[in-house]
Amino acid sequence: MGRTQERRHPWAGISARVFAFTFLLTLMSFAVALLLSILGTVIYAAVEHVAPNLAFAYRHIAFPIALAIGAVVMIVTLAIEIRNYRQRRILAGIERSAMSN
């Protein structure tokens with residue numbers, strides 16, 4: 001039953017996987033970039049003897065980095081999912097032709 005449903009709407013599964021993977025990796029990259037940018041901002045503030053501007057770390061460092069990584073992840077994940085879909089479709093056709101012989 002699962003195979004017939006997958007054949008009807010394969011793009012729904014592909015788009016769901018791409019969205020989920022992109023969202024998770026974008027969130028993780030934001031967290032890592034924010035941590036590193038806050039540490040860098042605090043170190044810079046300590047060296048220069050000024051107050052740390054953590055809003056700068058959020059707005060101008062972590063957020064753009066997360067957006068860039070999210071865009072790259074979405075493109076790569078979409079390409080991989082489309083390649084896998086085409087490969088599964090070709091292999092299913094080969095399997096059907098081998099079964100009919």
# chains A, B, ... in the order shown; residues from 1 in each chain; ligands from 1
$ residues_around --residues "range 58-72 of chain A" --least-positions-apart "3" --cutoff "9 Å" --atoms "only C-alpha atoms" --output "list of chain:residue names"
A:Thr22, A:Phe23, A:Leu25, A:Thr26, A:Leu27, A:Met28, A:Ser29, A:Phe30, A:Ala31, A:Val32, A:Ala33, A:Leu34, A:Leu35, A:Leu36, A:Ser37, A:Ile38, A:Leu54, A:Ala55, A:Ile75, A:Val76, A:Thr77
$ write_last_selection --atoms "N, CA and C atoms" --output "short mmCIF file (atom, residue, chain, number, x, y, z; two decimals), in the first residue's frame"
data_model
loop_
_atom_site.label_atom_id
_atom_site.label_comp_id
_atom_site.auth_asym_id
_atom_site.auth_seq_id
_atom_site.Cartn_x
_atom_site.Cartn_y
_atom_site.Cartn_z
N THR A 22 16.40 21.41 5.95
CA THR A 22 16.85 22.79 5.83
C THR A 22 16.58 23.56 7.11
N PHE A 23 15.39 23.39 7.67
CA PHE A 23 15.03 24.09 8.90
C PHE A 23 15.96 23.70 10.04
N LEU A 25 19.05 22.32 9.97
CA LEU A 25 20.43 22.75 9.80
C LEU A 25 20.57 24.27 9.87
N THR A 26 19.55 25.01 9.43
CA THR A 26 19.59 26.45 9.57
C THR A 26 19.54 26.84 11.04
N LEU A 27 18.71 26.18 11.80
CA LEU A 27 18.62 26.45 13.23
C LEU A 27 19.93 26.12 13.94
N MET A 28 20.52 24.99 13.60
CA MET A 28 21.80 24.62 14.21
C MET A 28 22.91 25.59 13.82
N SER A 29 22.95 25.99 12.56
CA SER A 29 23.99 26.93 12.14
C SER A 29 23.79 28.29 12.80
N PHE A 30 22.55 28.71 13.00
CA PHE A 30 22.29 29.96 13.71
C PHE A 30 22.80 29.88 15.14
N ALA A 31 22.53 28.77 15.79
CA ALA A 31 22.96 28.62 17.19
C ALA A 31 24.48 28.65 17.31
N VAL A 32 25.16 27.94 16.42
CA VAL A 32 26.63 27.91 16.47
C VAL A 32 27.20 29.28 16.12
N ALA A 33 26.66 29.90 15.06
CA ALA A 33 27.16 31.23 14.68
C ALA A 33 26.90 32.26 15.77
N LEU A 34 25.75 32.17 16.43
CA LEU A 34 25.45 33.11 17.51
C LEU A 34 26.40 32.91 18.69
N LEU A 35 26.66 31.67 19.04
CA LEU A 35 27.58 31.39 20.13
C LEU A 35 28.97 31.95 19.82
N LEU A 36 29.46 31.66 18.63
CA LEU A 36 30.80 32.14 18.26
C LEU A 36 30.86 33.66 18.14
N SER A 37 29.81 34.25 17.60
CA SER A 37 29.82 35.70 17.46
C SER A 37 29.70 36.40 18.82
N ILE A 38 28.95 35.83 19.75
CA ILE A 38 28.87 36.41 21.10
C ILE A 38 30.22 36.29 21.80
N LEU A 54 25.90 42.95 22.00
CA LEU A 54 25.44 41.62 21.62
C LEU A 54 24.37 41.66 20.55
N ALA A 55 23.67 42.77 20.42
CA ALA A 55 22.69 42.89 19.33
C ALA A 55 23.39 42.87 17.98
N ILE A 75 19.45 24.09 -1.32
CA ILE A 75 19.80 23.76 -2.71
C ILE A 75 20.43 22.38 -2.80
N VAL A 76 21.37 22.09 -1.91
CA VAL A 76 22.05 20.80 -1.94
C VAL A 76 21.08 19.67 -1.61
N THR A 77 20.26 19.86 -0.60
CA THR A 77 19.30 18.82 -0.21
C THR A 77 18.28 18.57 -1.32
#
$ atom_distance --atom1 "CA of Met74 in chain A" --atom2 "CA of Val18 in chain A"
6.5 Å
$ closest_residue --among "A:Asn101, A:Gln87, A:Ser15, A:Thr41" --to "Ala57 in chain A" --atoms "only C-alpha atoms"
A:Thr41
